[in-house]
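Student: Sharing input.txt below, compact mmCIF, C-alpha atoms and all ligand atoms:
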```txt
# COMPACT_ATOMS: atom_id res chain seq x y z
CA MET V 1 -14.14 -84.20 106.74
CA LYS V 2 -12.06 -83.96 109.87
CA ALA V 3 -13.68 -82.35 112.90
CA ARG V 4 -11.01 -79.62 112.99
CA SER V 5 -11.83 -78.58 109.40
CA ILE V 6 -15.54 -78.40 110.18
CA ILE V 7 -14.86 -76.22 113.21
CA SER V 8 -12.64 -73.95 111.07
CA ILE V 9 -15.41 -73.58 108.48
CA LEU V 10 -17.95 -72.79 111.18
CA ILE V 11 -15.65 -70.15 112.69
CA VAL V 12 -15.06 -68.57 109.27
CA ALA V 13 -18.80 -68.68 108.51
CA TYR V 14 -19.52 -67.04 111.86
CA LEU V 15 -16.92 -64.31 111.35
CA TYR V 16 -18.08 -63.43 107.84
CA SER V 17 -21.80 -63.98 108.18
CA PRO V 18 -23.65 -60.70 107.68
CA LEU V 19 -26.11 -61.78 110.33
CA SER V 20 -23.64 -62.62 113.10
CA ALA V 21 -24.12 -60.76 116.37
CA ASN V 22 -20.85 -58.88 115.93
CA ASP V 23 -21.68 -57.74 112.44
CA ARG V 24 -25.26 -56.57 112.51
CA LEU V 25 -26.59 -54.31 109.77
CA PRO V 26 -25.14 -50.84 110.40
CA ASN V 27 -27.21 -48.06 111.95
CA PHE V 28 -27.39 -44.69 110.20
CA VAL V 29 -27.68 -41.26 111.80
CA VAL V 30 -27.97 -38.22 109.51
CA ILE V 31 -27.80 -34.84 111.24
CA PHE V 32 -28.82 -32.15 108.77
CA THR V 33 -28.62 -28.49 109.77
CA ASP V 34 -30.52 -25.72 108.01
CA ASP V 35 -28.61 -22.89 106.28
CA GLN V 36 -25.33 -23.57 108.09
CA GLY V 37 -22.47 -22.25 105.96
CA TYR V 38 -19.22 -23.92 104.95
CA GLY V 39 -17.34 -21.64 107.33
CA ASP V 40 -19.56 -22.03 110.40
CA LEU V 41 -17.64 -24.66 112.36
CA GLY V 42 -14.43 -24.52 114.36
CA CYS V 43 -12.94 -27.34 112.27
CA TYR V 44 -13.81 -25.40 109.07
CA GLY V 45 -11.91 -22.36 110.26
CA HIS V 46 -14.44 -20.09 111.95
CA PRO V 47 -12.54 -17.83 114.37
CA THR V 48 -15.26 -17.40 117.01
CA ILE V 49 -17.90 -20.13 116.61
CA ARG V 50 -16.97 -22.85 119.10
CA THR V 51 -17.85 -26.40 118.11
CA PRO V 52 -15.75 -28.66 120.36
CA ARG V 53 -17.95 -31.74 119.87
CA LEU V 54 -18.14 -31.44 116.08
CA ASP V 55 -14.42 -30.76 115.96
CA ARG V 56 -13.88 -33.94 117.97
CA MET V 57 -16.26 -35.82 115.69
CA ALA V 58 -14.05 -34.70 112.78
CA ALA V 59 -10.88 -35.67 114.67
CA GLU V 60 -12.34 -39.14 115.24
CA GLY V 61 -13.77 -39.39 111.72
CA MET V 62 -13.59 -37.82 108.27
CA ARG V 63 -13.99 -34.18 107.31
CA PHE V 64 -15.01 -33.45 103.73
CA THR V 65 -13.79 -30.34 101.91
CA GLN V 66 -15.81 -30.75 98.69
CA PHE V 67 -19.18 -32.07 99.79
CA TYR V 68 -22.24 -30.52 98.16
CA SER V 69 -25.90 -30.11 98.83
CA ALA V 70 -28.00 -30.90 95.75
CA ALA V 71 -29.80 -27.54 95.88
CA SER V 72 -29.28 -24.14 97.48
CA VAL V 73 -32.69 -23.99 99.23
CA CYS V 74 -34.49 -26.26 101.69
CA THR V 75 -37.20 -28.27 99.90
CA PRO V 76 -35.23 -29.52 96.88
CA SER V 77 -32.19 -30.14 99.05
CA ARG V 78 -34.15 -32.41 101.41
CA ALA V 79 -35.87 -34.25 98.56
CA ALA V 80 -32.47 -34.99 97.02
CA LEU V 81 -30.90 -36.28 100.24
CA LEU V 82 -33.75 -38.66 100.98
CA THR V 83 -34.23 -39.99 97.42
CA GLY V 84 -30.70 -39.82 95.99
CA ARG V 85 -32.15 -37.98 92.98
CA LEU V 86 -31.79 -34.49 91.55
CA PRO V 87 -34.81 -32.35 92.51
CA ILE V 88 -35.72 -31.86 88.86
CA ARG V 89 -36.38 -35.60 88.63
CA THR V 90 -38.69 -35.71 91.68
CA GLY V 91 -40.44 -32.44 90.76
CA LEU V 92 -39.49 -30.86 94.10
CA CYS V 93 -38.23 -27.68 92.50
CA ALA V 94 -39.62 -24.68 90.63
CA ASP V 95 -38.27 -21.43 89.28
CA LYS V 96 -40.74 -19.06 90.94
CA LEU V 97 -41.72 -20.82 94.18
CA ARG V 98 -38.48 -22.08 95.54
CA VAL V 99 -39.75 -24.09 98.53
CA LEU V 100 -42.99 -25.55 99.87
CA ILE V 101 -45.07 -23.20 102.06
CA PRO V 102 -48.01 -23.81 104.43
CA ASP V 103 -50.41 -23.06 101.52
CA SER V 104 -48.79 -25.62 99.22
CA ALA V 105 -50.84 -28.57 98.04
CA GLY V 106 -47.85 -30.60 96.86
CA GLY V 107 -45.11 -32.70 98.40
CA LEU V 108 -42.76 -35.61 97.82
CA PRO V 109 -44.67 -37.95 95.46
CA GLU V 110 -45.61 -41.38 96.75
CA ARG V 111 -43.69 -43.10 93.93
CA GLU V 112 -40.38 -41.73 95.22
CA ILE V 113 -38.35 -44.09 97.40
CA THR V 114 -36.73 -42.54 100.47
CA ILE V 115 -33.78 -43.94 102.43
CA ALA V 116 -36.26 -44.79 105.21
CA GLU V 117 -38.55 -46.74 102.87
CA ALA V 118 -35.63 -48.69 101.45
CA LEU V 119 -34.25 -49.50 104.92
CA LYS V 120 -37.68 -50.69 106.10
CA THR V 121 -37.28 -53.64 103.71
CA LYS V 122 -34.46 -54.81 105.99
CA GLY V 123 -36.38 -54.25 109.23
CA TYR V 124 -34.86 -50.93 110.26
CA ALA V 125 -36.53 -48.74 112.89
CA THR V 126 -36.82 -45.24 111.43
CA ILE V 127 -37.53 -41.78 112.79
CA CYS V 128 -37.55 -38.23 111.44
CA ILE V 129 -36.99 -35.46 113.97
CA GLY V 130 -37.04 -31.83 112.87
CA LYS V 131 -37.77 -29.93 109.69
CA TRP V 132 -39.41 -32.14 107.05
CA HIS V 133 -40.29 -29.60 104.34
CA LEU V 134 -41.46 -32.17 101.80
CA GLY V 135 -45.18 -31.51 102.17
CA HIS V 136 -47.25 -30.95 105.33
CA LEU V 137 -50.50 -32.60 104.15
CA PRO V 138 -51.00 -36.07 105.69
CA LYS V 139 -50.16 -38.01 102.51
CA TYR V 140 -46.78 -36.30 102.25
CA LEU V 141 -45.69 -36.46 105.90
CA PRO V 142 -42.74 -38.61 107.05
CA MET V 143 -44.90 -41.55 108.14
CA ASN V 144 -46.05 -41.97 104.54
CA HIS V 145 -42.44 -41.97 103.39
CA GLY V 146 -41.00 -44.81 105.46
CA PHE V 147 -40.64 -43.25 108.90
CA ASP V 148 -42.17 -44.97 111.94
CA SER V 149 -42.55 -41.67 113.75
CA TYR V 150 -42.05 -37.93 113.43
CA LEU V 151 -41.52 -34.95 115.71
CA GLY V 152 -40.91 -31.45 114.37
CA ILE V 153 -42.01 -28.32 112.57
CA PRO V 154 -43.01 -29.63 109.11
CA TYR V 155 -41.59 -26.62 107.22
CA SER V 156 -39.39 -23.56 107.87
CA ASN V 157 -39.60 -21.93 111.30
CA ASP V 158 -40.43 -18.50 109.81
CA MET V 159 -43.62 -19.84 108.20
CA LYS V 160 -47.00 -19.43 109.88
CA PRO V 161 -48.57 -21.25 111.61
CA THR V 162 -45.32 -22.47 113.18
CA VAL V 163 -46.75 -25.74 114.44
CA LEU V 164 -44.96 -28.57 116.20
CA MET V 165 -46.22 -31.98 115.10
CA ARG V 166 -45.95 -35.44 116.54
CA ASN V 167 -46.64 -37.94 113.79
CA GLU V 168 -49.67 -36.46 112.02
CA ALA V 169 -51.04 -34.35 114.88
CA ILE V 170 -50.30 -30.75 115.85
CA ILE V 171 -49.17 -30.77 119.49
CA GLU V 172 -48.10 -27.14 119.89
CA ASN V 173 -49.18 -23.96 118.10
CA PRO V 174 -47.11 -21.90 117.97
CA ALA V 175 -44.12 -24.11 118.76
CA ASP V 176 -41.89 -22.95 121.61
CA GLN V 177 -38.75 -22.63 119.54
CA THR V 178 -36.45 -21.89 122.48
CA THR V 179 -36.56 -25.54 123.58
CA LEU V 180 -36.70 -27.18 120.13
CA THR V 181 -33.09 -28.32 119.89
CA GLN V 182 -33.28 -29.74 123.43
CA ARG V 183 -36.49 -31.62 122.65
CA TYR V 184 -35.20 -32.94 119.33
CA THR V 185 -32.10 -34.21 121.13
CA ALA V 186 -34.09 -35.94 123.88
CA GLU V 187 -36.27 -37.60 121.23
CA ALA V 188 -33.19 -38.77 119.31
CA ILE V 189 -31.58 -40.27 122.42
CA GLN V 190 -34.78 -42.01 123.45
CA PHE V 191 -35.11 -43.48 119.94
CA ILE V 192 -31.54 -44.81 120.00
CA LYS V 193 -32.05 -46.37 123.43
CA GLU V 194 -35.34 -48.00 122.46
CA ASN V 195 -33.87 -49.46 119.28
CA ARG V 196 -30.45 -50.48 120.56
CA ASN V 197 -31.12 -54.11 119.66
CA LYS V 198 -32.19 -53.61 116.05
CA PRO V 199 -30.83 -51.65 113.08
CA PHE V 200 -32.05 -48.06 112.97
CA PHE V 201 -32.09 -44.92 110.84
CA LEU V 202 -32.25 -41.62 112.69
CA TYR V 203 -32.84 -38.63 110.40
CA LEU V 204 -32.41 -35.37 112.35
CA PRO V 205 -32.95 -32.33 110.13
CA HIS V 206 -32.55 -29.52 112.66
CA THR V 207 -34.84 -26.49 112.50
CA PHE V 208 -31.84 -24.17 113.00
CA PRO V 209 -29.73 -22.14 112.23
CA HIS V 210 -32.52 -21.08 109.81
CA THR V 211 -33.91 -17.76 111.04
CA PRO V 212 -35.58 -16.66 113.31
CA LEU V 213 -32.91 -17.93 115.70
CA PHE V 214 -33.76 -19.34 119.13
CA VAL V 215 -31.74 -21.10 121.82
CA SER V 216 -32.45 -22.49 125.27
CA GLU V 217 -31.50 -20.52 128.38
CA SER V 218 -28.32 -22.54 128.96
CA PHE V 219 -26.83 -21.43 125.62
CA LYS V 220 -28.14 -17.88 125.50
CA GLY V 221 -25.52 -15.13 125.32
CA LYS V 222 -22.55 -17.51 125.60
CA SER V 223 -20.93 -17.38 122.16
CA PRO V 224 -18.55 -14.61 121.08
CA ARG V 225 -20.26 -14.94 117.65
CA GLY V 226 -23.57 -13.75 119.15
CA LEU V 227 -26.94 -15.46 118.79
CA TYR V 228 -25.94 -17.37 115.63
CA GLY V 229 -22.95 -18.76 117.54
CA ASP V 230 -25.21 -19.72 120.46
CA VAL V 231 -27.46 -21.66 118.09
CA ILE V 232 -24.52 -23.53 116.56
CA ALA V 233 -23.16 -24.24 120.05
CA GLU V 234 -26.46 -25.89 121.00
CA ILE V 235 -26.42 -28.02 117.84
CA ASP V 236 -22.81 -28.91 118.69
CA TRP V 237 -23.90 -29.97 122.18
CA SER V 238 -26.77 -31.99 120.69
CA THR V 239 -24.43 -33.84 118.33
CA GLY V 240 -22.12 -34.61 121.25
CA LYS V 241 -25.02 -36.05 123.27
CA ILE V 242 -25.96 -38.34 120.38
CA LEU V 243 -22.38 -39.58 119.90
CA ASP V 244 -22.05 -40.12 123.68
CA THR V 245 -25.25 -42.18 123.69
CA LEU V 246 -23.97 -44.37 120.86
CA ARG V 247 -20.73 -44.93 122.78
CA GLU V 248 -22.46 -45.67 126.09
CA LEU V 249 -24.66 -48.28 124.41
CA GLU V 250 -21.63 -49.72 122.54
CA LEU V 251 -23.29 -48.95 119.23
CA ASP V 252 -20.58 -46.57 118.00
CA LYS V 253 -18.67 -49.20 116.04
CA ASN V 254 -21.82 -50.19 114.21
CA THR V 255 -23.20 -46.73 113.43
CA LEU V 256 -22.35 -44.37 110.59
CA VAL V 257 -23.10 -40.78 111.61
CA ILE V 258 -23.09 -38.02 109.01
CA PHE V 259 -23.33 -34.34 109.91
CA THR V 260 -24.04 -31.91 107.06
CA SER V 261 -26.10 -28.87 106.05
CA ASP V 262 -28.98 -28.41 103.58
CA ASN V 263 -27.53 -25.35 101.81
CA GLY V 264 -25.23 -22.39 102.29
CA PRO V 265 -25.68 -19.39 104.61
CA TRP V 266 -28.64 -17.03 104.25
CA LEU V 267 -26.56 -13.91 103.74
CA THR V 268 -29.48 -11.45 103.57
CA GLN V 269 -30.15 -12.23 107.26
CA LYS V 270 -26.89 -10.36 108.00
CA GLN V 271 -25.53 -11.25 111.46
CA ASP V 272 -28.30 -13.82 111.95
CA GLY V 273 -27.10 -15.65 108.85
CA GLY V 274 -23.96 -17.76 108.61
CA SER V 275 -20.75 -17.64 106.61
CA ALA V 276 -19.46 -19.65 103.67
CA GLY V 277 -15.85 -18.92 104.69
CA LEU V 278 -13.71 -18.40 101.61
CA LEU V 279 -16.45 -19.55 99.25
CA ARG V 280 -18.41 -17.12 97.10
CA ASP V 281 -21.99 -16.08 97.92
CA GLY V 282 -24.56 -18.22 99.79
CA LYS V 283 -28.08 -19.66 99.92
CA ARG V 284 -30.24 -19.51 96.75
CA THR V 285 -27.19 -19.28 94.49
CA THR V 286 -25.19 -21.88 92.63
CA PHE V 287 -21.88 -20.31 93.54
CA GLU V 288 -19.84 -22.51 95.87
CA GLY V 289 -21.11 -20.73 99.00
CA GLY V 290 -24.67 -21.76 98.17
CA MET V 291 -24.00 -25.43 97.60
CA ARG V 292 -20.77 -26.61 99.24
CA VAL V 293 -21.50 -27.59 102.83
CA PRO V 294 -19.52 -28.60 105.92
CA THR V 295 -19.71 -32.40 106.25
CA ILE V 296 -18.31 -34.83 108.80
CA ALA V 297 -18.63 -38.63 108.74
CA TRP V 298 -18.01 -40.68 111.90
CA TRP V 299 -17.81 -44.44 112.31
CA PRO V 300 -15.16 -45.50 114.85
CA GLY V 301 -13.18 -48.52 113.71
CA LYS V 302 -14.38 -48.18 110.12
CA ILE V 303 -13.53 -44.59 109.14
CA LYS V 304 -9.92 -43.68 109.83
CA ALA V 305 -9.65 -41.11 112.62
CA GLY V 306 -8.60 -37.62 111.59
CA ALA V 307 -9.09 -38.20 107.87
CA THR V 308 -9.76 -35.37 105.44
CA SER V 309 -11.40 -36.19 102.13
CA HIS V 310 -11.31 -33.98 99.05
CA ALA V 311 -13.68 -36.34 97.23
CA LEU V 312 -16.34 -34.73 95.09
CA ALA V 313 -19.42 -35.82 97.03
CA SER V 314 -23.07 -34.92 97.37
CA THR V 315 -25.85 -35.27 99.93
CA MET V 316 -27.52 -37.49 97.29
CA ASP V 317 -24.70 -39.99 97.88
CA ILE V 318 -26.06 -40.63 101.39
CA PHE V 319 -28.99 -42.54 99.82
CA THR V 320 -26.78 -44.79 97.75
CA THR V 321 -24.26 -45.31 100.53
CA CYS V 322 -26.86 -46.29 103.15
CA LEU V 323 -28.55 -48.75 100.77
CA THR V 324 -25.23 -50.27 99.75
CA LEU V 325 -24.09 -50.72 103.36
CA ALA V 326 -27.43 -52.30 104.26
CA GLY V 327 -27.15 -54.70 101.32
CA ILE V 328 -30.14 -53.23 99.47
CA LYS V 329 -30.14 -53.05 95.67
CA LEU V 330 -30.67 -49.60 94.17
CA PRO V 331 -34.06 -49.15 92.48
CA ALA V 332 -33.62 -50.15 88.83
CA ASP V 333 -36.69 -48.37 87.45
CA ARG V 334 -35.40 -44.81 87.85
CA ILE V 335 -32.24 -42.76 87.60
CA ILE V 336 -30.40 -42.47 90.91
CA ASP V 337 -27.90 -39.60 91.00
CA GLY V 338 -26.29 -40.57 94.32
CA LYS V 339 -22.96 -42.41 94.23
CA ASN V 340 -21.68 -44.99 96.68
CA LEU V 341 -19.32 -43.26 99.11
CA THR V 342 -18.35 -46.44 100.93
CA PRO V 343 -14.89 -46.71 99.27
CA VAL V 344 -14.15 -43.11 100.29
CA LEU V 345 -15.39 -43.62 103.87
CA LEU V 346 -13.55 -46.90 104.40
CA GLY V 347 -10.45 -45.82 102.48
CA THR V 348 -10.76 -48.77 100.10
CA GLY V 349 -11.08 -46.97 96.78
CA PRO V 350 -11.57 -43.75 94.87
CA CYS V 351 -14.60 -41.51 94.71
CA GLU V 352 -17.11 -42.58 92.04
CA ARG V 353 -18.34 -39.07 91.30
CA LYS V 354 -16.59 -37.17 88.50
CA VAL V 355 -19.25 -34.61 87.53
CA LEU V 356 -21.60 -32.43 89.58
CA PHE V 357 -24.63 -30.54 88.26
CA TYR V 358 -25.78 -27.33 89.97
CA TYR V 359 -29.47 -26.54 89.56
CA ARG V 360 -31.50 -23.54 90.62
CA GLY V 361 -35.16 -24.50 90.32
CA THR V 362 -35.49 -26.27 86.97
CA LYS V 363 -32.52 -24.49 85.41
CA LEU V 364 -29.14 -26.12 85.02
CA MET V 365 -26.89 -23.29 86.16
CA ALA V 366 -23.40 -24.79 86.39
CA VAL V 367 -21.38 -27.97 86.01
CA ARG V 368 -18.29 -29.10 87.86
CA LYS V 369 -15.90 -31.64 86.38
CA GLY V 370 -12.69 -32.33 88.28
CA SER V 371 -11.27 -29.00 89.37
CA TRP V 372 -13.22 -27.06 86.73
CA LYS V 373 -16.57 -25.35 87.16
CA ALA V 374 -18.44 -23.79 84.26
CA HIS V 375 -21.33 -21.41 84.96
CA LEU V 376 -23.94 -21.45 82.17
CA ILE V 377 -26.15 -19.03 84.11
CA THR V 378 -25.43 -17.03 87.27
CA GLN V 379 -27.82 -15.33 89.63
CA GLY V 380 -27.33 -13.79 93.08
CA GLY V 381 -29.21 -14.54 96.28
CA LEU V 382 -31.45 -11.46 96.42
CA THR V 383 -34.92 -11.14 94.88
CA ARG V 384 -35.22 -11.82 91.16
CA ASP V 385 -35.49 -8.11 90.28
CA ALA V 386 -32.43 -7.16 92.32
CA ASP V 387 -30.43 -10.15 91.10
CA PRO V 388 -31.51 -11.08 87.57
CA ALA V 389 -30.26 -14.26 85.93
CA ILE V 390 -27.35 -13.76 83.51
CA VAL V 391 -26.76 -16.27 80.72
CA HIS V 392 -23.08 -16.81 79.85
CA ASP V 393 -22.08 -17.84 76.33
CA PRO V 394 -19.39 -19.02 76.47
CA PRO V 395 -19.80 -20.11 80.10
CA LEU V 396 -17.71 -18.56 82.87
CA LEU V 397 -14.96 -20.97 83.86
CA TYR V 398 -13.34 -21.20 87.29
CA ARG V 399 -10.61 -23.59 88.35
CA LEU V 400 -11.87 -24.30 91.86
CA GLU V 401 -8.78 -25.93 93.30
CA HIS V 402 -6.75 -22.83 92.35
CA ASP V 403 -9.57 -20.37 92.89
CA PRO V 404 -12.09 -21.64 95.45
CA SER V 405 -13.64 -18.17 95.76
CA GLU V 406 -14.62 -18.12 92.04
CA LYS V 407 -12.94 -14.79 91.34
CA TYR V 408 -11.04 -15.34 88.12
CA ASP V 409 -12.81 -16.38 84.91
CA VAL V 410 -10.35 -18.35 82.78
CA SER V 411 -12.76 -19.37 80.01
CA LYS V 412 -10.69 -17.65 77.30
CA ASN V 413 -7.65 -19.78 78.08
CA HIS V 414 -9.42 -23.17 78.16
CA PRO V 415 -11.92 -23.62 75.29
CA ASP V 416 -11.15 -27.38 75.36
CA VAL V 417 -12.34 -27.66 78.97
CA ILE V 418 -15.53 -25.79 78.15
CA ALA V 419 -16.19 -28.02 75.12
CA ASP V 420 -15.73 -31.11 77.30
CA ILE V 421 -18.13 -29.79 79.97
CA LEU V 422 -20.73 -28.88 77.33
CA LYS V 423 -20.60 -32.51 76.17
CA GLU V 424 -21.41 -33.57 79.75
CA VAL V 425 -24.37 -31.17 79.68
CA GLU V 426 -25.64 -32.78 76.45
CA ARG V 427 -25.32 -36.30 77.88
CA HIS V 428 -27.08 -35.22 81.08
CA ARG V 429 -29.96 -33.50 79.30
CA ALA V 430 -30.52 -36.45 76.96
CA LYS V 431 -31.72 -38.62 79.87
CA LEU V 432 -33.15 -36.04 82.24
CA LYS V 433 -36.88 -36.99 82.43
CA PRO V 434 -38.11 -34.12 84.66
CA GLY V 435 -40.70 -35.07 87.31
CA LYS V 436 -44.17 -33.58 87.71
CA PRO V 437 -43.86 -30.12 89.33
CA GLN V 438 -44.84 -30.22 93.03
CA LEU V 439 -44.31 -26.67 94.23
CA GLN V 440 -46.75 -24.60 92.16
CA LYS V 441 -50.07 -26.02 93.32
CA ARG V 442 -51.77 -24.13 96.17
CA LEU V 443 -54.41 -25.38 98.59
CA SER V 444 -57.87 -24.58 97.26
CA GLY V 445 -59.62 -21.49 98.63
CA LYS V 446 -56.37 -19.74 99.54
MG MG L 501 -32.04 -24.37 104.23
```
Once you've parsed the file, please lay out its structure as structure tokens.

Tutor:
Amino acid sequence: MKARSIISILIVAYLYSPLSANDRLPNFVVIFTDDQGYGDLGCYGHPTIRTPRLDRMAAEGMRFTQFYSAASVCTPSRAALLTGRLPIRTGLCADKLRVLIPDSAGGLPEREITIAEALKTKGYATICIGKWHLGHLPKYLPMNHGFDSYLGIPYSNDMKPTVLMRNEAIIENPADQTTLTQRYTAEAIQFIKENRNKPFFLYLPHTFPHTPLFVSESFKGKSPRGLYGDVIAEIDWSTGKILDTLRELELDKNTLVIFTSDNGPWLTQKQDGGSAGLLRDGKRTTFEGGMRVPTIAWWPGKIKAGATSHALASTMDIFTTCLTLAGIKLPADRIIDGKNLTPVLLGTGPCERKVLFYYRGTKLMAVRKGSWKAHLITQGGLTRDADPAIVHDPPLLYRLEHDPSEKYDVSKNHPDVIADILKEVERHRAKLKPGKPQLQKRLSGK
């Protein structure tokens, strides 16, 4: 072979080798806010909440209009994001107890595979900073689910004792919540700097804007939206600091950053809760306001700047997408509900997801297929007595692209659509295999 041909082959091999210096395994940053509504960002139309850094992130990346959390409350939503599986499969859901509490004896089972655990097989550095809410007993904490380290309040910030933990130790009780977002941000930046030379996964599930709301002095009283707006402004600042750090270290072109929320706004908190914009209802419900969340993906050079995607996507897809991009095979011994979003992000192909299932606890409440959404059961976001579950036979039918606020039931006009969706329900139920319930068991003696 002529020398020139050999050189050409070597150049091609260098350019396309997955291990070449210019094409290292991608880093992943997932910023996950708590109870932030679909309408609570400038780039999602809020008139007075100012989010210049998130708006810029969207202008430089991709904004999703139909991105869903897998549950309308914290614990199941987090389990789904990290495992790519519906909460009913992992057992992290229940009809009566909706989330884990400090008296809970359960948590994310050891057999479940998190994004962090999967990425560890490729040598990723991993960290969880913020609200874990998948079990606070040592065997359930982040370090037993693939994370090298942890800093945060292990459950909701309205639960007592409101402890701040580092790894498996309590370092502050009660946690000073006014400086939490600042401290989470500093920890995130330090982690990025320390791991600049190896692939990393930074999972940042913020404590806020879940109530009670707190901000640091520099953000207090600044937003025309009041305290809720101040809290979002601090999260906006935090996101900006993280993106700036990635740029400064020249890691931006090798890092996929996703910003999203765990569920819709907690409307019963009134002004301290957020807004779902034009979507109906909020947290705890399977109306759009409870499940559809603001989502931005950022990866300069890979994701086209200023893109808007109407793909039907879910937080569960983050699992499948991260594994795919890192060249890791999906676990074959279990059902994974997450789809690969890479074609959507890179603009190379269509969205894989055609159907979306909306659960509340263990109950399948609604199904979306294409533009259509059928509600089998509806229930509001108040207590069970004030908002009883209503079974619909035939189901209510909304055409979401015409009627995003779910106002007009068109079931009478489209029996064929309902029949088709009921077939999807049958197929789904036939291979459901619910997991062992994790939320009911309480710590002994309490
Ligand atoms: Mg939440």

Student: Set the cut-off to 7 Å, count only C-alpha atoms and all ligand atoms, and list whatever residues fall near ligand MG 501 (chain L) as a list in words.

Tutor: Asp34, Asp35, Val73, Cys74, His210, Asp262 and Asn263 of chain V

Student: Quick one: write out the picked residues with C-alpha atoms as a tab-separated table (two decimals), in the coordinates of the input?

Tutor:
```tsv
chain	number	residue	atom	x	y	z
V	34	ASP	CA	-30.52	-25.72	108.01
V	35	ASP	CA	-28.61	-22.89	106.28
V	73	VAL	CA	-32.69	-23.99	99.23
V	74	CYS	CA	-34.49	-26.26	101.69
V	210	HIS	CA	-32.52	-21.08	109.81
V	262	ASP	CA	-28.98	-28.41	103.58
V	263	ASN	CA	-27.53	-25.35	101.81
```

Student: Which residue out of V:Ile242, V:Ala105, V:Leu151, V:Met316 has the minimum interatomic distance to Leu134 of chain V when all atoms listed in the file are used?

Tutor: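 Using all atoms listed in the file, the shortest distance to Leu134 of chain V belongs to V:Ala105.
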
Student: Using only C-alpha atoms, which of the listed residues (V:Ile418, V:Ala374, V:Ile235, V:Ala169) sits closest to Pro205 of chain V?

Tutor: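 Smallest separation from Pro205 of chain V among the options: V:Ile235.
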
Student: Figure out the distance between atom CA of Lys193 of chain V and atom CA of Tyr124 of chain V, please, to one decimal in Å.

Tutor: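 One can read the atom CA of Tyr124 of chain V to atom CA of Lys193 of chain V distance as 14.2 Å.
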
Student: Which is closer to Asp317 of chain V than all the others in V:Glu110, V:Glu352, V:Asp333, V:Glu217, using only C-alpha atoms?

Tutor: V:Glu352

Student: For Thr33 of chain V, which of V:Leu137, V:Ile115, V:Ile390, V:Val293 is the closest residue, counting only C-alpha atoms?

Tutor: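 Ranked by minimum distance to Thr33 of chain V, first place goes to V:Val293.
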
Student: I'd like to know which of V:Arg78, V:Arg98, V:Arg360, V:Arg280 is closest to Glu406 of chain V, using only C-alpha atoms.

Tutor: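 Ranking V:Arg78, V:Arg98, V:Arg360, V:Arg280 by distance to Glu406 of chain V, first place goes to V:Arg280.
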
Student: Considering only C-alpha atoms, state which residue in the set V:Lys354, V:Ser261, V:Cys322, V:Arg50 is at the smallest distance from Asp230 of chain V.

Tutor: V:Arg50

Student: Within 9 Å of Tyr44 of chain V, counting all atoms listed in the file, which residues show up once you throw out same-chain ones fewer than 6 positions away? Write them as a VMD selection string, please.

Tutor: chain V and resid 38 55 63 65 277 294

Student: Interatomic distance between atom CA of Lys139 of chain V and atom CA of Asp103 of chain V?

Tutor: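 Separation between atom CA of Lys139 of chain V and atom CA of Asp103 of chain V: 15.0 Å.
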
Student: What does the distance from atom CA of Gly152 of chain V to atom CA of Thr178 of chain V come to in Å, to one decimal?

Tutor: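 The value is 13.3 Å.
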
Student: Please list as a list in words every residue within 6 Å of segment 90-92 of chain V, counting only C-alpha atoms and excluding residues in the same chain fewer than 6 positions away.

Tutor: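 Result of the neighbour search: Pro76, Gly435, Lys436, Pro437 and Gln438 of chain V.
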
Student: Could those residues be written to a file, using C-alpha atoms, as a CSV table (one decimal), in the frame of the given file?

Tutor:
```
chain,number,residue,atom,x,y,z
V,76,PRO,CA,-35.2,-29.5,96.9
V,435,GLY,CA,-40.7,-35.1,87.3
V,436,LYS,CA,-44.2,-33.6,87.7
V,437,PRO,CA,-43.9,-30.1,89.3
V,438,GLN,CA,-44.8,-30.2,93.0
```

Student: With 3 Å on each side, where is the centre of the axis-aligned box around all listed atoms of segment 354-373 of chain V, and how long are its edges in Å to one decimal, as lines of an AutoDock Vina configuration file?

Tutor:
```
center_x = -23.4
center_y = -30.2
center_z = 87.8
size_x = 30.2
size_y = 19.9
size_z = 11.6
```

Student: Within 8 Å of Asn157 of chain V, counting all atoms listed in the file, which residues qualify if same-chain residues fewer than 6 places away don't, as a list in words?

Tutor: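 Close residues of Asn157 of chain V: Thr207, His210, Thr211 and Pro212 of chain V.
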
Student: Could you pull the residues within 7 Å of Gly264 of chain V, counting all atoms listed in the file, minus those fewer than 4 positions along the same chain, as a PyMOL selection string?

Tutor: chain V and resi 35-38+72+276+282-283+289-293
